[in-house]
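Heads up: the structure comes next, in structure tokens.
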4 protein chains.
Amino acid sequence: MNARSSWAILGAAGYAGGELLNLMLNHRRAEVTQVVSSSAAGRVVGEVHPNLRGLCELQFAGELDLDAGEHLDGIFFCGRHGDAMALIPALLERHPDLRVIDLSADFRLQDPGLYPEWYGREHAAPELLASFAYGLPELNREAIRGSGRVANPGCFATAITLALAPLSRAVSPASTVTVTAVTGSSGSGALPSARTHHPTRAATLRAYRPLAHQHTPEILQSLARLSPGGAAPRIAFVPVSGPIVRGIYAVCQAALPDGWDAQRLRSIYKELYADEPFVRLTAIPADLQVVTGSNFCDLYVDAQEGLAVVIAAVDNLVKGAAGQAVQNMNLMMGWDEAEGLRLAGGYP
Amino acid sequence: MNARSSWAILGAAGYAGGELLNLMLNHRRAEVTQVVSSSAAGRVVGEVHPNLRGLCELQFAGELDLDAGEHLDGIFFCGRHGDAMALIPALLERHPDLRVIDLSADFRLQDPGLYPEWYGREHAAPELLASFAYGLPELNREAIRGSGRVANPGCFATAITLALAPLSRAVSPASTVTVTAVTGSSGSGALPSARTHHPTRAATLRAYRPLAHQHTPEILQSLARLSPGGAAPRIAFVPVSGPIVRGIYAVCQAALPDGWDAQRLRSIYKELYADEPFVRLTAIPADLQVVTGSNFCDLYVDAQEGLAVVIAAVDNLVKGAAGQAVQNMNLMMGWDEAEGLRLAGGYP
Amino acid sequence: MNARSSWAILGAAGYAGGELLNLMLNHRRAEVTQVVSSSAAGRVVGEVHPNLRGLCELQFAGELDLDAGEHLDGIFFCGRHGDAMALIPALLERHPDLRVIDLSADFRLQDPGLYPEWYGREHAAPELLASFAYGLPELNREAIRGSGRVANPGCFATAITLALAPLSRAVSPASTVTVTAVTGSSGSGALPSARTHHPTRAATLRAYRPLAHQHTPEILQSLARLSPGGAAPRIAFVPVSGPIVRGIYAVCQAALPDGWDAQRLRSIYKELYADEPFVRLTAIPADLQVVTGSNFCDLYVDAQEGLAVVIAAVDNLVKGAAGQAVQNMNLMMGWDEAEGLRLAGGYP
Amino acid sequence: MNARSSWAILGAAGYAGGELLNLMLNHRRAEVTQVVSSSAAGRVVGEVHPNLRGLCELQFAGELDLDAGEHLDGIFFCGRHGDAMALIPALLERHPDLRVIDLSADFRLQDPGLYPEWYGREHAAPELLASFAYGLPELNREAIRGSGRVANPGCFATAITLALAPLSRAVSPASTVTVTAVTGSSGSGALPSARTHHPTRAATLRAYRPLAHQHTPEILQSLARLSPGGAAPRIAFVPVSGPIVRGIYAVCQAALPDGWDAQRLRSIYKELYADEPFVRLTAIPADLQVVTGSNFCDLYVDAQEGLAVVIAAVDNLVKGAAGQAVQNMNLMMGWDEAEGLRLAGGYP
């Protein structure tokens, strides 16, 4: 009998799945007992995630085995957007108590009307949306704790929402917050493409989908919830592909109302994030490298003459995906929130 | 006897000096006949700029030789800020007709009162400021043509001013334009420092001097000149050190007045830059790599629901320094403006 | 009427084709008049090679137009291995005097028996092999000058053969020369693949085909020709994929016979390469960056206590492909060998 | 009272010191209680190692406090070569039982006569050399277990010795093994220098000290010990600076005696390293990225027609420095050798 809680990873052959498997190896309360991937079925983990050779002896299965599942406490879904909403309802019908942490976008937006616009498809299970808690612990911890189902936030959304949540208390809901955020290539996944071809990615910066990135409604949904009137400032977000593998670096700017200076602005960040285990306020502008490999979100807050600058840095695969998923699991299970996540970033 | 125009480079051991020397090697009308550097005096060019071995046989001198200078048509100053204002007045006293292209910041700002604030020193030769044309050909071509003295723009200022000049015709002077711009490490110069230490620069993004970069007044000066009322929008500029060697990538955002959409915004860019040899409007967001090594400024213009996005990409050492200096020399001398500068960027 | 010699590029949508087109833009004696690519047919050059936007207005055709070809002086073939041997015989049948510079491997090996072993196919036109000169000017200049057909060397073969040609005069034909050579990702071409996926290429080194790379017989063929007895030392070559875009960096080691020291070894390099426009002997170990973007091969030669070290650095797309092709064209046409190729490498 | 073993780090402000501190944070049996650095005295750890902010609250002291040291079980010395031999004798005089793990080179070579030749100084404490075990557990485990003093191997020496130890059983002591090994920039330390200036390091490869690197005698000493006759093959080692931050990638080649093929060669690697927790034999050529951040040494072994190729990949700061130091501590203390070191490498 296994004393540790047992979890499965679906879509475990991708980068988020691999990072999650890695983090779970050192978790004291839970372990991964099934890794599922249609493309990698039959292979051992070390062939697909070579960094895990010698550390993990699991073999990929083509399908989740729920009959082995009397001991299965939950699943992480790391597959593609669209697949979660197709698969998860059937799983929950058979096992209504199965805990689900969905790293895809499929259950993040509460309004089903937003999916066709932002993801190009009707939602296949709108009746389940309300049962998913949005998995950004810093803003939604109690709901996560009480829930068996969590929609894990997007990587850009994690960085930008953490940057803007305190700021949105200060700025007018009628104002516009501009965001330019650079992402590493691992965010594009494990499948080679023109976007991630080394010869044309290694020494460039290249914006994409300016003002039209699909994480925008997710950010707005979070900010609106924080607002007494349910209104959020407008977000003008320009994502940029950068010559790095890991990380999100988001520079946010907004006009401040009269009476707000850097000190006052910082005070609301300190207040909101004082006890957060994974948010660090920095005295000098955040340095992306310092968070890569860790579950930290580093935030730098400044203001001059009525203009605010807030900079957020996260590792897209850790705080922006797998690390936050573990943090959510810890909360759902009532464990120490930081279990398995006390990892320093890379430096140098 | 030498049929080509003869120029000297002061501060020729730095990166801008080396790039300038490189560009001048293939110039058909001018050549560099003296390279001056106090630190490299006595060394041959190929020892300091190893890429020029076999292409340039000049030797660094510790001082400019003006007595060899009856044939000297002009000088490029590539030394440090502060040194130009100390050195150039004496040179001009002896040789009032010597053409001067100053790549330092010392003669860029017409208002001497700005130097203490932004550069930490009183201007040593305020009486000369009015004699320098600001060397951004796209906005100031006629003044450059008629002048013997040019203040070559800063690298950030080049990218951002070219991005904003048309936009500033659209937006209200009361509005704020936000700019997040990433720079390569070569912009920090040839001297090793903590900022450019490879282990902590190779995989990071790191903002610095947010809202306080010294190129801001230079941009504002240019925009104000373009405005009928002499007013410019506010610039909220956050510079970011990036994990690239070459290039500036500037993402600019602003609110548009009613009635402005992407098409209308693009039309003013097309109009203003239609005949420019070194400005290219791109149909998809600019790709930094494509301009590195070239004198091009690639501009991408977009707008959605009242928000404008303009992205500029330049090579900081070419269009942002040495290439623009050659372009200015060409204009001053009445030559083909693109002579020596028909260079494609690096791809891949 | 066109005063410049007219050339076509077949397979012009790839990286070597793009670099060749770029180099030819500044050539004073020749120009590219047709760019052929089955995949890019109908597109303009700037869409495929964005660095050439504004510099080249050609449009890709799906096939070579030989009827427009009374003025066509020659072709560069930049397509895939195997396609050249299928296509070129038919072209030469119609136009026996058409000059051909083939950048593929199809006509490099004189012995048709080597193709099945190293390239996995029988040679389709063995009768043509003898009519192709091997296009390494430093070793084969006279043959290239007198030929209408040139097989342009492989990138690894260029670097390693230039490194070893003088050395093979010193070492015993019975000895083994070991070579470890790192290549940039652009050598894998423009098509994304697992080998060039940025997340797993950006910070790694990874050998491939150790002791089995297909450039090995090409190197041996050249060295054997230089030897009085037709024998070459054995080459133990390990290629390594590196986290760079451009360049080949080859470290070669061999045992020296008694009586050979560094000075004596260097003297044969100096002698052999004294007048070469594109070979530079370096006083300190070669620095790859310094040659990227240029047609130079930098060579460092050292020896200690009977062991020789020779290091070669080239840009795989220039001296290792397109630049050498232009050099060969210059030789075939009787022009200045360095025309269009006086380019400094990138620094910084 | 503290139940965990207490250790101090001297020279804790450098990269190896920071990595060691990081690794020790998750160690279950030991903890760092003092961090000493003359340059960082008075600063908190998070200012110097920003990745450790929020994880470690220690403050740097200018000197080791041995009076607080009744509980001090041992020290790691991470300072400069030359300083260890000056400092450690005095420490040991006061506290003969203090365990010492020296990451500098000062106690690695048993023959004091080698220090002037390779490190430019006479050894200051030759009488202590014999008391230090060479800390490469795979070859010297029992000596480490029984010792209170360990000389932690150099990063190149770790990779190359692990690659060559089995090979040296096969090859003739009269033969020469050639090694070309690429190192990341973190190996040069935290102090900026021309060697690690990002603009000239980010896209280059550059050999240094060919055939003359100071780790050579360390490798030879280990190989000689393994040999029945005390003889080692000659090592012809060319180190290369690479455009990576972390890692050593060593390609070793040698001639095999008659009768040796790949299978036979691999069998001795499998035999020697079968039970090693941190050596992995790979089926395809080792991939550097896969080991960075981990304590693994990945080894690839191949042979063709009498030539052997062995490739080793390690993280220079982990298996090549701090990780191996922890492994040695674990052995000295009689703990699980892998405690604190079950870390996967970075992927992607």
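Please note that chains go A, B, ... in the order of the structure tokens, that every chain numbers its residues from 1, and that ligands are numbered from 1 in the order shown.
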Exercise for the section: Output the contact residues of chain B with respect to chain A at a cut-off of 9 Å, based on only C-alpha atoms, as a PyMOL selection string. Expected result: chain B and resi 176+178-180+182+199-212+236+238+242-247+249+251-255+284-290+302-304+307+309+311+313+347-348
Exercise for the section: May I have the residues within 12 Å of Leu226 (chain A) as a PyMOL selection string, using only C-alpha atoms and disregarding those fewer than 5 positions away in the same chain? Expected result: chain A and resi 138-140+161-162+164-170+173+219-221+231-233+272
Would you write out those residues with C-alpha atoms, as a PDB file, in the first residue's frame?
ATOM      1  CA  GLU A 138      -2.713  34.512  -4.351  1.00  0.00           C
ATOM      2  CA  LEU A 139      -6.138  35.772  -5.400  1.00  0.00           C
ATOM      3  CA  ASN A 140      -8.366  32.775  -5.019  1.00  0.00           C
ATOM      4  CA  THR A 161      -2.646  39.180 -13.125  1.00  0.00           C
ATOM      5  CA  LEU A 162      -0.259  39.081 -10.177  1.00  0.00           C
ATOM      6  CA  LEU A 164      -2.046  44.062 -11.927  1.00  0.00           C
ATOM      7  CA  ALA A 165      -4.234  42.849  -9.090  1.00  0.00           C
ATOM      8  CA  PRO A 166      -2.973  45.389  -6.558  1.00  0.00           C
ATOM      9  CA  LEU A 167      -2.598  48.062  -9.224  1.00  0.00           C
ATOM     10  CA  SER A 168      -6.211  47.671 -10.254  1.00  0.00           C
ATOM     11  CA  ARG A 169      -7.196  48.887  -6.788  1.00  0.00           C
ATOM     12  CA  ALA A 170      -5.464  52.140  -7.561  1.00  0.00           C
ATOM     13  CA  PRO A 173     -11.556  51.242 -14.193  1.00  0.00           C
ATOM     14  CA  ILE A 219      -6.754  38.496 -16.831  1.00  0.00           C
ATOM     15  CA  LEU A 220      -9.816  40.696 -17.111  1.00  0.00           C
ATOM     16  CA  GLN A 221     -11.992  38.088 -15.419  1.00  0.00           C
ATOM     17  CA  ALA A 231     -15.167  46.535 -13.582  1.00  0.00           C
ATOM     18  CA  ALA A 232     -11.574  46.117 -14.695  1.00  0.00           C
ATOM     19  CA  PRO A 233      -9.292  48.559 -16.453  1.00  0.00           C
ATOM     20  CA  LEU A 272      -1.698  42.100  -0.542  1.00  0.00           C
TER      21      LEU A 272
END
Any idea what's packed within 12 Å of region 40-44 of chain B, counting only C-alpha atoms, ignoring anything in its chain fewer than 2 positions away? Could you give it as a JSON list (two decimals) with N, CA, C and O atoms, in the first residue's frame?
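Once everything was written out, this is out28.json:
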[["chain", "number", "residue", "atom", "x", "y", "z"],
["B", 10, "LEU", "N", 37.41, 59.42, -33.88],
["B", 10, "LEU", "CA", 37.92, 59.57, -32.52],
["B", 10, "LEU", "C", 37.15, 58.62, -31.61],
["B", 10, "LEU", "O", 35.93, 58.52, -31.71],
["B", 11, "GLY", "N", 37.86, 57.94, -30.76],
["B", 11, "GLY", "CA", 37.21, 56.92, -29.93],
["B", 11, "GLY", "C", 36.96, 55.68, -30.75],
["B", 11, "GLY", "O", 35.93, 55.00, -30.60],
["B", 12, "ALA", "N", 37.90, 55.36, -31.62],
["B", 12, "ALA", "CA", 37.69, 54.31, -32.61],
["B", 12, "ALA", "C", 37.87, 52.90, -32.07],
["B", 12, "ALA", "O", 37.67, 51.93, -32.79],
["B", 13, "ALA", "N", 38.23, 52.76, -30.80],
["B", 13, "ALA", "CA", 38.43, 51.42, -30.25],
["B", 13, "ALA", "C", 37.16, 50.82, -29.67],
["B", 13, "ALA", "O", 37.13, 49.65, -29.33],
["B", 14, "GLY", "N", 36.10, 51.61, -29.60],
["B", 14, "GLY", "CA", 34.85, 51.10, -29.06],
["B", 14, "GLY", "C", 34.02, 50.40, -30.13],
["B", 14, "GLY", "O", 34.42, 50.27, -31.29],
["B", 34, "GLN", "N", 42.38, 58.22, -40.28],
["B", 34, "GLN", "CA", 42.95, 58.25, -38.94],
["B", 34, "GLN", "C", 42.00, 57.58, -37.95],
["B", 34, "GLN", "O", 40.81, 57.88, -37.95],
["B", 35, "VAL", "N", 42.55, 56.71, -37.15],
["B", 35, "VAL", "CA", 41.77, 56.15, -36.04],
["B", 35, "VAL", "C", 42.46, 56.52, -34.74],
["B", 35, "VAL", "O", 43.64, 56.26, -34.56],
["B", 36, "VAL", "N", 41.70, 57.17, -33.88],
["B", 36, "VAL", "CA", 42.28, 57.74, -32.67],
["B", 36, "VAL", "C", 41.66, 57.08, -31.45],
["B", 36, "VAL", "O", 40.45, 56.88, -31.38],
["B", 37, "SER", "N", 42.52, 56.71, -30.54],
["B", 37, "SER", "CA", 42.04, 56.13, -29.28],
["B", 37, "SER", "C", 43.14, 56.23, -28.26],
["B", 37, "SER", "O", 44.27, 55.79, -28.50],
["B", 38, "SER", "N", 42.85, 56.80, -27.11],
["B", 38, "SER", "CA", 43.89, 56.90, -26.09],
["B", 38, "SER", "C", 44.24, 55.51, -25.56],
["B", 38, "SER", "O", 45.40, 55.20, -25.32],
["B", 46, "GLY", "N", 43.36, 45.54, -36.43],
["B", 46, "GLY", "CA", 42.98, 44.13, -36.33],
["B", 46, "GLY", "C", 43.17, 43.51, -34.95],
["B", 46, "GLY", "O", 42.58, 42.48, -34.64],
["B", 47, "GLU", "N", 43.98, 44.14, -34.13],
["B", 47, "GLU", "CA", 44.14, 43.63, -32.77],
["B", 47, "GLU", "C", 42.95, 44.00, -31.90],
["B", 47, "GLU", "O", 42.60, 43.27, -30.97],
["B", 48, "VAL", "N", 42.37, 45.15, -32.20],
["B", 48, "VAL", "CA", 41.28, 45.67, -31.37],
["B", 48, "VAL", "C", 39.92, 45.23, -31.93],
["B", 48, "VAL", "O", 39.01, 44.88, -31.19],
["B", 49, "HIS", "N", 39.82, 45.27, -33.24],
["B", 49, "HIS", "CA", 38.61, 44.82, -33.92],
["B", 49, "HIS", "C", 39.01, 43.63, -34.79],
["B", 49, "HIS", "O", 39.29, 43.77, -35.99],
["B", 50, "PRO", "N", 39.01, 42.43, -34.19],
["B", 50, "PRO", "CA", 39.59, 41.28, -34.91],
["B", 50, "PRO", "C", 38.86, 40.93, -36.20],
["B", 50, "PRO", "O", 39.43, 40.29, -37.08],
["B", 52, "LEU", "N", 38.24, 42.92, -38.45],
["B", 52, "LEU", "CA", 38.80, 43.76, -39.52],
["B", 52, "LEU", "C", 40.21, 43.35, -39.92],
["B", 52, "LEU", "O", 40.80, 43.98, -40.80],
["B", 53, "ARG", "N", 40.73, 42.30, -39.30],
["B", 53, "ARG", "CA", 42.06, 41.82, -39.69],
["B", 53, "ARG", "C", 42.05, 41.47, -41.18],
["B", 53, "ARG", "O", 41.15, 40.79, -41.66],
["B", 54, "GLY", "N", 43.04, 41.96, -41.89],
["B", 54, "GLY", "CA", 43.13, 41.66, -43.31],
["B", 54, "GLY", "C", 42.32, 42.61, -44.17],
["B", 54, "GLY", "O", 42.40, 42.55, -45.40],
["B", 55, "LEU", "N", 41.54, 43.46, -43.54],
["B", 55, "LEU", "CA", 40.71, 44.39, -44.30],
["B", 55, "LEU", "C", 41.11, 45.84, -44.06],
["B", 55, "LEU", "O", 40.79, 46.71, -44.85],
["B", 56, "CYS", "N", 41.80, 46.09, -42.96],
["B", 56, "CYS", "CA", 42.14, 47.47, -42.61],
["B", 56, "CYS", "C", 43.51, 47.46, -41.96],
["B", 56, "CYS", "O", 43.73, 46.74, -40.99],
["B", 57, "GLU", "N", 44.41, 48.27, -42.50],
["B", 57, "GLU", "CA", 45.79, 48.25, -42.01],
["B", 57, "GLU", "C", 46.14, 49.47, -41.16],
["B", 57, "GLU", "O", 47.30, 49.71, -40.85],
["B", 58, "LEU", "N", 45.13, 50.24, -40.77],
["B", 58, "LEU", "CA", 45.41, 51.44, -39.99],
["B", 58, "LEU", "C", 45.92, 51.08, -38.59],
["B", 58, "LEU", "O", 45.67, 50.01, -38.08],
["B", 59, "GLN", "N", 46.60, 52.05, -38.02],
["B", 59, "GLN", "CA", 47.11, 51.93, -36.66],
["B", 59, "GLN", "C", 46.51, 53.05, -35.81],
["B", 59, "GLN", "O", 46.36, 54.18, -36.27],
["B", 60, "PHE", "N", 46.14, 52.71, -34.58],
["B", 60, "PHE", "CA", 45.57, 53.72, -33.71],
["B", 60, "PHE", "C", 46.61, 54.75, -33.31],
["B", 60, "PHE", "O", 47.75, 54.41, -32.97],
["B", 61, "ALA", "N", 46.19, 56.01, -33.32],
["B", 61, "ALA", "CA", 47.02, 57.08, -32.79],
["B", 61, "ALA", "C", 46.39, 57.55, -31.48],
["B", 61, "ALA", "O", 45.19, 57.40, -31.27],
["B", 62, "GLY", "N", 47.22, 58.12, -30.63],
["B", 62, "GLY", "CA", 46.71, 58.62, -29.36],
["B", 62, "GLY", "C", 45.97, 59.94, -29.50],
["B", 62, "GLY", "O", 45.12, 60.28, -28.68],
["B", 63, "GLU", "N", 46.31, 60.67, -30.56],
["B", 63, "GLU", "CA", 45.66, 61.97, -30.76],
["B", 63, "GLU", "C", 45.39, 62.21, -32.23],
["B", 63, "GLU", "O", 46.11, 61.70, -33.10],
["B", 64, "LEU", "N", 44.40, 63.01, -32.48],
["B", 64, "LEU", "CA", 44.10, 63.41, -33.86],
["B", 64, "LEU", "C", 45.24, 64.27, -34.39],
["B", 64, "LEU", "O", 45.75, 65.13, -33.69]]
Practice task
Based on DSSP run over this structure's backbone, return all residues of region 65-302 of chain C in strand (DSSP E or B), as JSON, numbers by chain.
Solution key: {"C": [72, 73, 74, 75, 76, 77, 99, 100, 101, 102, 133, 134, 149, 150, 151, 176, 177, 178, 179, 180, 181, 182, 183, 197, 206, 207, 234, 235, 236, 237, 238, 239, 240, 241, 248, 249, 250, 251, 252, 253, 254, 255, 279, 280, 281, 287, 297, 298, 299, 300, 301, 302]}
Exercise for the section: For region 127-136 of chain C, work out the shell of residues within 10 Å, counting only C-alpha atoms and skipping chain neighbours fewer than 5 positions away, then give it as an NGL selection string. Expected result: :C and (85 or 88-89 or 92 or 100-103 or 106-112 or 141-154 or 157-158 or 161-162 or 218 or 221-222 or 319-320 or 324-325 or 327-329 or 331)
Written file, previous selection with N, CA and C atoms, as a tab-separated table (two decimals), in the first residue's frame:
chain	number	residue	atom	x	y	z
C	85	MET	N	21.85	15.82	-58.91
C	85	MET	CA	22.22	14.79	-59.88
C	85	MET	C	21.05	14.40	-60.78
C	88	ILE	N	20.62	18.36	-62.99
C	88	ILE	CA	21.69	19.02	-63.74
C	88	ILE	C	22.00	18.34	-65.08
C	89	PRO	N	21.99	17.00	-65.15
C	89	PRO	CA	22.29	16.39	-66.45
C	89	PRO	C	21.36	16.87	-67.57
C	92	LEU	N	22.31	20.37	-68.60
C	92	LEU	CA	23.55	20.42	-69.38
C	92	LEU	C	23.36	19.82	-70.76
C	100	VAL	N	27.87	25.80	-63.99
C	100	VAL	CA	27.13	25.21	-62.87
C	100	VAL	C	28.00	25.25	-61.61
C	101	ILE	N	27.47	25.84	-60.57
C	101	ILE	CA	28.10	25.75	-59.25
C	101	ILE	C	27.10	25.05	-58.34
C	102	ASP	N	27.45	23.84	-57.98
C	102	ASP	CA	26.51	22.99	-57.24
C	102	ASP	C	26.88	22.98	-55.76
C	103	LEU	N	25.99	23.56	-54.94
C	103	LEU	CA	26.26	23.60	-53.50
C	103	LEU	C	25.83	22.32	-52.79
C	106	ASP	N	26.26	16.47	-54.51
C	106	ASP	CA	26.11	15.45	-55.56
C	106	ASP	C	27.30	15.26	-56.50
C	107	PHE	N	28.13	16.25	-56.60
C	107	PHE	CA	29.28	16.09	-57.52
C	107	PHE	C	30.62	16.30	-56.81
C	108	ARG	N	30.61	16.18	-55.51
C	108	ARG	CA	31.87	16.40	-54.77
C	108	ARG	C	32.79	15.19	-54.80
C	109	LEU	N	32.24	14.02	-54.70
C	109	LEU	CA	33.06	12.81	-54.62
C	109	LEU	C	33.28	12.25	-56.01
C	110	GLN	N	34.52	12.11	-56.37
C	110	GLN	CA	34.82	11.64	-57.72
C	110	GLN	C	34.51	10.16	-57.90
C	111	ASP	N	34.59	9.42	-56.82
C	111	ASP	CA	34.34	7.98	-56.91
C	111	ASP	C	32.84	7.70	-56.73
C	112	PRO	N	32.16	7.28	-57.80
C	112	PRO	CA	30.72	7.08	-57.69
C	112	PRO	C	30.35	6.00	-56.67
C	141	ARG	N	42.67	25.86	-57.10
C	141	ARG	CA	42.31	27.09	-57.82
C	141	ARG	C	42.39	26.94	-59.34
C	142	GLU	N	43.46	26.31	-59.82
C	142	GLU	CA	43.63	26.25	-61.28
C	142	GLU	C	42.54	25.41	-61.94
C	143	ALA	N	42.19	24.32	-61.29
C	143	ALA	CA	41.13	23.48	-61.86
C	143	ALA	C	39.80	24.22	-61.91
C	144	ILE	N	39.54	25.02	-60.88
C	144	ILE	CA	38.28	25.78	-60.85
C	144	ILE	C	38.29	26.81	-61.97
C	145	ARG	N	39.43	27.50	-62.12
C	145	ARG	CA	39.54	28.53	-63.15
C	145	ARG	C	39.23	27.98	-64.54
C	146	GLY	N	39.66	26.73	-64.74
C	146	GLY	CA	39.52	26.18	-66.09
C	146	GLY	C	38.23	25.43	-66.30
C	147	SER	N	37.38	25.43	-65.26
C	147	SER	CA	36.21	24.57	-65.36
C	147	SER	C	34.93	25.39	-65.51
C	148	GLY	N	33.95	24.78	-66.12
C	148	GLY	CA	32.63	25.38	-66.17
C	148	GLY	C	31.70	24.79	-65.11
C	149	ARG	N	32.21	23.83	-64.37
C	149	ARG	CA	31.36	23.16	-63.39
C	149	ARG	C	32.12	22.97	-62.09
C	150	VAL	N	31.51	23.38	-61.03
C	150	VAL	CA	32.18	23.31	-59.73
C	150	VAL	C	31.27	22.65	-58.70
C	151	ALA	N	31.85	21.72	-57.98
C	151	ALA	CA	31.16	21.14	-56.82
C	151	ALA	C	31.62	21.89	-55.59
C	152	ASN	N	30.73	22.68	-55.03
C	152	ASN	CA	31.06	23.53	-53.88
C	152	ASN	C	31.17	22.67	-52.62
C	153	PRO	N	32.26	22.80	-51.86
C	153	PRO	CA	32.47	21.90	-50.72
C	153	PRO	C	31.43	22.04	-49.61
C	154	GLY	N	31.32	21.03	-48.81
C	154	GLY	CA	30.48	21.08	-47.62
C	154	GLY	C	31.09	22.01	-46.57
C	157	ALA	N	33.58	20.22	-44.38
C	157	ALA	CA	34.72	19.86	-45.23
C	157	ALA	C	35.60	21.07	-45.52
C	158	THR	N	34.97	22.24	-45.71
C	158	THR	CA	35.76	23.45	-45.96
C	158	THR	C	36.68	23.74	-44.78
C	161	THR	N	39.24	20.64	-44.09
C	161	THR	CA	40.26	20.46	-45.13
C	161	THR	C	41.27	21.60	-45.11
C	162	LEU	N	40.80	22.83	-44.94
C	162	LEU	CA	41.76	23.94	-44.85
C	162	LEU	C	42.65	23.79	-43.63
C	218	GLU	N	34.88	13.38	-48.33
C	218	GLU	CA	35.22	14.59	-49.08
C	218	GLU	C	36.56	15.15	-48.60
C	221	GLN	N	39.35	12.73	-49.70
C	221	GLN	CA	39.63	12.88	-51.14
C	221	GLN	C	40.58	14.05	-51.39
C	222	SER	N	40.32	15.16	-50.70
C	222	SER	CA	41.19	16.33	-50.89
C	222	SER	C	42.59	16.08	-50.34
C	319	LYS	N	31.81	31.17	-46.10
C	319	LYS	CA	32.92	30.36	-46.61
C	319	LYS	C	32.50	28.90	-46.75
C	320	GLY	N	31.57	28.46	-45.92
C	320	GLY	CA	31.12	27.07	-46.00
C	320	GLY	C	30.03	26.82	-47.01
C	324	GLN	N	31.79	30.91	-50.65
C	324	GLN	CA	32.73	30.12	-51.45
C	324	GLN	C	32.18	29.92	-52.87
C	325	ALA	N	30.87	29.83	-52.99
C	325	ALA	CA	30.27	29.72	-54.32
C	325	ALA	C	30.55	30.98	-55.15
C	327	GLN	N	33.10	32.98	-54.62
C	327	GLN	CA	34.54	32.91	-54.87
C	327	GLN	C	34.81	32.02	-56.09
C	328	ASN	N	34.13	30.90	-56.15
C	328	ASN	CA	34.29	30.01	-57.30
C	328	ASN	C	33.80	30.65	-58.60
C	329	MET	N	32.68	31.32	-58.52
C	329	MET	CA	32.18	32.03	-59.71
C	329	MET	C	33.21	33.04	-60.19
C	331	LEU	N	36.37	32.99	-59.83
C	331	LEU	CA	37.49	32.29	-60.47
C	331	LEU	C	37.11	31.78	-61.86
Problem - Backbone DSSP call of alpha helix (DSSP H) for region 136-321 of chain C, listed as number ranges by chain - result: C: 137-145, 155-170, 198-201, 216-226, 262-273, 288-291
